[in-house]
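> Take this structure, written in structure tokens, and hold onto it; I'll ask about it next.
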Amino acid sequence: MKILVIDDHALRRDALQGVMKKLKRGAVVLEASDSRQAMEILASETDLSLVLLDLNLPDRDGFLVLADIREHYPGIAVVVLSALQDRAKVMQTLDLEAAGYIPKSVRREVMISALQLVFSGGIYIPPEVLMREEAVNALPVAPRHDRPIVSPAEIGLSHRQLEVLALLMQGKSNKVICRTLQLAEPTVKNHVTAILKALKVTNRTEAVIAVNGLFHRDGARNRRGGYPWERVSVPWAFIASGASNMVESTPIDTPLVEFFQFIPNERPPRRADRAVGGLIPARALRYCEALTTASAFGWYVFLPLSFKIVWDGHDMLWTYDGIDEWLQLSRDGVQYPGSDERFDRAAPAEVRGYLPPFLTPSLQAGGLQVWTGSIAKTAPGWSLLVRGVANLSHSPSYQMFEGIIETDHWFGPLFDNIRVLKTDVPIEFRSDVPFLQVQPVRKDVYSDKHLRNFVLRDLSQLSAENWEAYRRTVVLPSTAPERKRGQYAVAVRKQAAHTSAFAAATE
């Protein structure tokens, strides 16, 4: 994760370096002492995730710098740091869609908690703003003094309005909300108006304050002398109660997937690659986000050794590096060379002799099962889609099948089936090229109840909202006088910048 600190005081920059390193191990923190240096770094570093901005800069007004960053780099979150705690400046900061306003006078642990709130998709507001009587009076009265409002039904918001509010709480503009929820801009404006009315506020900034206020009604100090706001709990419980699909699912407290290498391999499973090891053309890597996202989804699994097979239409032979002859593939299969002895030395007595075979011809003519030498285990409720490597050209001599294995309870070999298409032609399988790409899939996603939940519509059934979405997606880019390449890729990367990067920062 890359973070830019813009502050003219070197000591404060050093202090912020320590704070960010505590929050995210391995974070790369860049520094700028004025707006000129900051803009140069922003232009050259395309993968920045967060900017910490001091409003009091020597060469330019901090609010103008904030406005420039939000206009030209909307995918980068900005948190303002200021020595002032003036309500008007806080409101102006939030109106410019900053992700938070942190007074420099707060304690280190409060600053860490505030940044954690930003990382989780919220907006930090100083407690002094929430304490203002006018903000509290704007809030609906809770049914009980000791219980905050947590149900959207209590203030009359619909499911769709809660989705809009969730994005509004992240500082998203109406245009971004339109793209995210595939809604027409007038529809979003109507939802925002309804939200403001339900919260009894007049603008988006006051709405953010109001929702935060619903979770911080008690102004009394806690036992340690701190204000409740300094614990900085995220107000997503309020939003999740009616817009659960906008909130990340329950965190997994175990690894999503564990790989167990039964056969030694110089190339262990690794994260899949957007460029497929450099094979994706540079133009596609830059502009085709759909292709590169699919390529990077999952993990690569390699074979422990290179080998060749040949099929004559009836019998199948194989050979591998280090021998000068072709060996018969029997119906019982063959083992990796020397692997059965190694397995039996490590295994308990009751499982010795049961190492999975490396290559096993199937009953179907030309069929072959190939084991990678690994076993995979996923977290409860997750399975693995096993397939060939996405967007990698394969030999025309064979076809790879795909399958979903419920690896949360099936602790067996990670293999794939292939079908040989050509006879009397040696087919090579290399250990330095990924053989499989395995991708995590939640079981409920492919359950029957979800897969039955679809409808088919024709042109006459497209709504005005559908047509507006089509116009934005297809017509406007095609008719723009200066059409920029890769607009979809840019939009996807900007949208992911405030969610994926920040979610990773809190792990």
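How things are named: the first chain in the structure tokens is A, the next is B, and so on; residues count from 1 in each chain; ligands count from 1 in the order shown.
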Name all residues at most 8 Å from region 427-437 of chain A (count only C-alpha atoms; drop same-chain ones fewer than 2 positions away) and give them as a list in words.
Arg267, Ala272, Gly298, Trp299, Tyr300, Val301, Phe302, Leu303, Pro304, Leu305, Ser306, Phe307, Lys308, Ile309, Val310, Val386, Arg387, Gly388, Val389, Ala390, Ser397, Asp416, Val425 and Gln439 of chain A
> Just want the 10 Å neighbourhood of region 16-20 of chain A, counted on only C-alpha atoms, with same-chain residues fewer than 3 positions away dropped. Output as a compact mmCIF listing (two decimals) with all heavy atoms, in the first residue's frame.

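out24.txt was written with the following content:
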```txt
# COMPACT_ATOMS: atom_id res chain seq x y z
N ILE A 3 1.23 5.42 0.43
CA ILE A 3 0.59 6.55 1.09
C ILE A 3 1.47 7.77 0.88
O ILE A 3 2.70 7.69 0.95
CB ILE A 3 0.43 6.27 2.60
CG1 ILE A 3 -0.42 5.01 2.81
CG2 ILE A 3 -0.19 7.46 3.33
CD1 ILE A 3 -0.26 4.39 4.16
N LEU A 4 0.83 8.91 0.61
CA LEU A 4 1.56 10.17 0.45
C LEU A 4 1.22 11.09 1.61
O LEU A 4 0.04 11.36 1.88
CB LEU A 4 1.19 10.83 -0.88
CG LEU A 4 1.73 12.26 -1.09
CD1 LEU A 4 3.25 12.27 -1.07
CD2 LEU A 4 1.20 12.83 -2.41
N VAL A 5 2.24 11.58 2.32
CA VAL A 5 2.07 12.54 3.42
C VAL A 5 2.51 13.91 2.91
O VAL A 5 3.66 14.07 2.48
CB VAL A 5 2.90 12.14 4.65
CG1 VAL A 5 2.77 13.20 5.74
CG2 VAL A 5 2.45 10.79 5.17
N ASP A 7 3.06 17.56 4.17
CA ASP A 7 3.19 18.39 5.35
C ASP A 7 4.55 19.08 5.29
O ASP A 7 5.55 18.44 4.91
CB ASP A 7 3.09 17.54 6.62
CG ASP A 7 2.83 18.37 7.87
OD1 ASP A 7 3.63 19.29 8.13
OD2 ASP A 7 1.85 18.10 8.58
N ALA A 10 9.06 18.40 8.88
CA ALA A 10 9.71 17.10 8.76
C ALA A 10 9.40 16.21 9.96
O ALA A 10 9.22 14.99 9.80
CB ALA A 10 11.23 17.29 8.62
N LEU A 11 9.35 16.78 11.16
CA LEU A 11 9.08 15.97 12.34
C LEU A 11 7.68 15.35 12.28
O LEU A 11 7.48 14.19 12.68
CB LEU A 11 9.24 16.81 13.61
CG LEU A 11 10.68 17.21 13.97
CD1 LEU A 11 10.69 18.09 15.22
CD2 LEU A 11 11.54 15.98 14.19
N ARG A 12 6.70 16.12 11.79
CA ARG A 12 5.35 15.57 11.69
C ARG A 12 5.29 14.48 10.63
O ARG A 12 4.59 13.49 10.78
CB ARG A 12 4.34 16.68 11.38
CG ARG A 12 3.91 17.46 12.61
CD ARG A 12 2.56 18.11 12.40
NE ARG A 12 2.61 19.12 11.36
CZ ARG A 12 2.77 20.44 11.60
NH1 ARG A 12 2.93 20.87 12.85
NH2 ARG A 12 2.78 21.30 10.62
N ARG A 13 6.05 14.66 9.55
CA ARG A 13 6.08 13.62 8.52
C ARG A 13 6.67 12.33 9.09
O ARG A 13 6.20 11.23 8.83
CB ARG A 13 6.88 14.08 7.30
CG ARG A 13 6.24 15.24 6.55
CD ARG A 13 6.81 15.37 5.14
NE ARG A 13 8.25 15.57 5.12
CZ ARG A 13 8.85 16.76 5.14
NH1 ARG A 13 8.11 17.86 5.21
NH2 ARG A 13 10.16 16.86 5.10
N LEU A 23 -0.03 0.84 11.37
CA LEU A 23 -1.32 0.42 10.80
C LEU A 23 -1.15 -0.66 9.75
O LEU A 23 -1.95 -1.59 9.68
CB LEU A 23 -2.02 1.63 10.16
CG LEU A 23 -2.95 2.44 11.06
CD1 LEU A 23 -3.43 3.67 10.32
CD2 LEU A 23 -4.13 1.61 11.50
N LYS A 24 -0.15 -0.52 8.91
CA LYS A 24 0.01 -1.43 7.78
C LYS A 24 1.48 -1.79 7.61
O LYS A 24 2.27 -0.98 7.15
CB LYS A 24 -0.54 -0.79 6.50
CG LYS A 24 -0.35 -1.61 5.24
CD LYS A 24 -1.10 -2.91 5.30
CE LYS A 24 -0.99 -3.67 3.97
NZ LYS A 24 -1.62 -4.99 4.04
N ARG A 25 1.82 -3.02 8.00
CA ARG A 25 3.20 -3.46 7.84
C ARG A 25 3.55 -3.52 6.36
O ARG A 25 2.80 -4.02 5.54
CB ARG A 25 3.38 -4.83 8.46
CG ARG A 25 4.80 -5.37 8.37
CD ARG A 25 4.93 -6.69 9.08
NE ARG A 25 4.67 -6.55 10.51
CZ ARG A 25 4.68 -7.56 11.36
NH1 ARG A 25 4.93 -8.78 10.92
NH2 ARG A 25 4.41 -7.37 12.64
N GLY A 26 4.69 -2.96 6.00
CA GLY A 26 5.13 -2.95 4.61
C GLY A 26 4.60 -1.79 3.81
O GLY A 26 4.84 -1.71 2.60
N ALA A 27 3.88 -0.86 4.47
CA ALA A 27 3.36 0.31 3.76
C ALA A 27 4.52 1.16 3.25
O ALA A 27 5.53 1.34 3.93
CB ALA A 27 2.46 1.13 4.67
N VAL A 28 4.36 1.67 2.03
CA VAL A 28 5.35 2.59 1.45
C VAL A 28 4.82 4.00 1.64
O VAL A 28 3.76 4.35 1.09
CB VAL A 28 5.57 2.28 -0.04
CG1 VAL A 28 6.54 3.30 -0.65
CG2 VAL A 28 6.08 0.86 -0.23
N VAL A 29 5.52 4.80 2.42
CA VAL A 29 5.06 6.16 2.73
C VAL A 29 5.96 7.15 2.01
O VAL A 29 7.17 7.21 2.27
CB VAL A 29 5.07 6.42 4.25
CG1 VAL A 29 4.53 7.81 4.54
CG2 VAL A 29 4.23 5.36 4.97
N LEU A 30 5.38 7.92 1.11
CA LEU A 30 6.09 8.97 0.38
C LEU A 30 5.82 10.31 1.06
O LEU A 30 4.79 10.49 1.70
CB LEU A 30 5.65 9.00 -1.08
CG LEU A 30 5.73 7.65 -1.82
CD1 LEU A 30 5.17 7.79 -3.22
CD2 LEU A 30 7.16 7.14 -1.87
N GLU A 31 6.73 11.27 0.88
CA GLU A 31 6.61 12.54 1.57
C GLU A 31 6.72 13.70 0.59
O GLU A 31 7.46 13.64 -0.38
CB GLU A 31 7.70 12.68 2.64
CG GLU A 31 7.63 11.64 3.74
CD GLU A 31 8.71 11.86 4.78
OE1 GLU A 31 9.41 12.89 4.72
OE2 GLU A 31 8.86 10.99 5.67
N LEU A 52 -2.46 11.92 3.09
CA LEU A 52 -2.65 12.66 4.34
C LEU A 52 -2.22 14.09 4.06
O LEU A 52 -1.04 14.35 3.79
CB LEU A 52 -1.83 12.05 5.47
CG LEU A 52 -2.13 10.57 5.80
CD1 LEU A 52 -1.22 10.09 6.93
CD2 LEU A 52 -3.58 10.40 6.18
N ARG A 108 -2.11 9.70 19.65
CA ARG A 108 -1.67 8.78 18.60
C ARG A 108 -2.67 7.65 18.39
O ARG A 108 -3.00 7.31 17.26
CB ARG A 108 -0.30 8.21 18.98
CG ARG A 108 0.26 7.19 17.99
CD ARG A 108 1.54 6.59 18.56
NE ARG A 108 2.05 5.50 17.75
CZ ARG A 108 2.95 5.65 16.78
NH1 ARG A 108 3.39 6.84 16.48
NH2 ARG A 108 3.38 4.59 16.11
N GLU A 109 -3.20 7.08 19.51
CA GLU A 109 -4.12 5.96 19.37
C GLU A 109 -5.44 6.40 18.73
O GLU A 109 -6.10 5.62 18.04
CB GLU A 109 -4.37 5.28 20.72
CG GLU A 109 -4.91 6.20 21.80
CD GLU A 109 -3.80 6.81 22.65
OE1 GLU A 109 -2.67 6.93 22.13
OE2 GLU A 109 -4.08 7.16 23.80
N MET A 111 -5.65 8.84 16.46
CA MET A 111 -5.36 8.97 15.03
C MET A 111 -5.36 7.61 14.34
O MET A 111 -5.89 7.45 13.23
CB MET A 111 -4.01 9.66 14.83
CG MET A 111 -3.64 9.82 13.35
SD MET A 111 -2.17 10.83 13.09
CE MET A 111 -2.80 12.45 13.51
N ILE A 112 -4.79 6.60 15.00
CA ILE A 112 -4.78 5.25 14.43
C ILE A 112 -6.20 4.74 14.25
O ILE A 112 -6.57 4.19 13.20
CB ILE A 112 -3.95 4.30 15.31
CG1 ILE A 112 -2.46 4.66 15.21
CG2 ILE A 112 -4.18 2.85 14.91
CD1 ILE A 112 -1.57 3.88 16.16
N LEU A 115 -7.91 6.50 11.32
CA LEU A 115 -7.48 5.99 10.02
C LEU A 115 -8.03 4.59 9.75
O LEU A 115 -8.35 4.25 8.61
CB LEU A 115 -5.95 6.00 9.94
CG LEU A 115 -5.32 7.40 9.88
CD1 LEU A 115 -3.82 7.32 10.07
CD2 LEU A 115 -5.66 8.08 8.56
N ALA A 505 -5.54 -3.04 4.00
CA ALA A 505 -4.75 -2.31 4.98
C ALA A 505 -5.13 -2.65 6.40
O ALA A 505 -4.34 -2.49 7.32
CB ALA A 505 -4.91 -0.80 4.76
```
> Residues at most 8 Å from Lys377 (chain A), counting only C-alpha atoms, excluding those fewer than 2 positions away in the same chain, as a list of chain:residue names?
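Counting only C-alpha atoms, the residues come to A:Val257, A:Glu258, A:Phe259, A:Ile375, A:Ala379, A:Thr407, A:Asp408, A:His409, A:Trp410, A:Phe411.
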> With a distance cut-off of 9 Å and only C-alpha atoms, select the neighbouring residues of Arg36 (chain A), excluding the residue or stretch itself and same-chain residues fewer than 5 positions from it, and output the selection as a PyMOL selection string.
chain A and resi 41+59-60
> Can you check which parts of region 174-198 of chain A lie within 12 Å of region 468-474 of chain A? Per residue, the shortest pair of atoms and distance in Å to one decimal, counting only C-alpha atoms, sorted by chain and number, as a Markdown table.

```
| residue | atom | partner | partner_atom | distance |
| --- | --- | --- | --- | --- |
| A:Lys175 | CA | A:Arg472 | CA | 10.8 |
| A:Cys178 | CA | A:Ala469 | CA | 8.7 |
| A:Arg179 | CA | A:Ala469 | CA | 8.1 |
| A:Thr180 | CA | A:Ala469 | CA | 10.8 |
| A:Leu181 | CA | A:Ala469 | CA | 9.9 |
| A:Gln182 | CA | A:Ala469 | CA | 6.1 |
| A:Leu183 | CA | A:Ala469 | CA | 6.8 |
| A:Ala184 | CA | A:Glu468 | CA | 6.0 |
| A:Glu185 | CA | A:Glu468 | CA | 9.0 |
| A:Pro186 | CA | A:Glu468 | CA | 10.5 |
| A:Thr187 | CA | A:Glu468 | CA | 10.8 |
```
> Between CA of Gly322 (chain A) and CA of Tyr336 (chain A), what is the distance, to one decimal in Å?
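One can read the CA of Gly322 (chain A) to CA of Tyr336 (chain A) distance as 12.9 Å.
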> For CA of Glu206 (chain A) and CA of Asp95 (chain A), quote the distance in Å rounded to one decimal.
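Pair CA of Glu206 (chain A) / CA of Asp95 (chain A) returns 9.6 Å.
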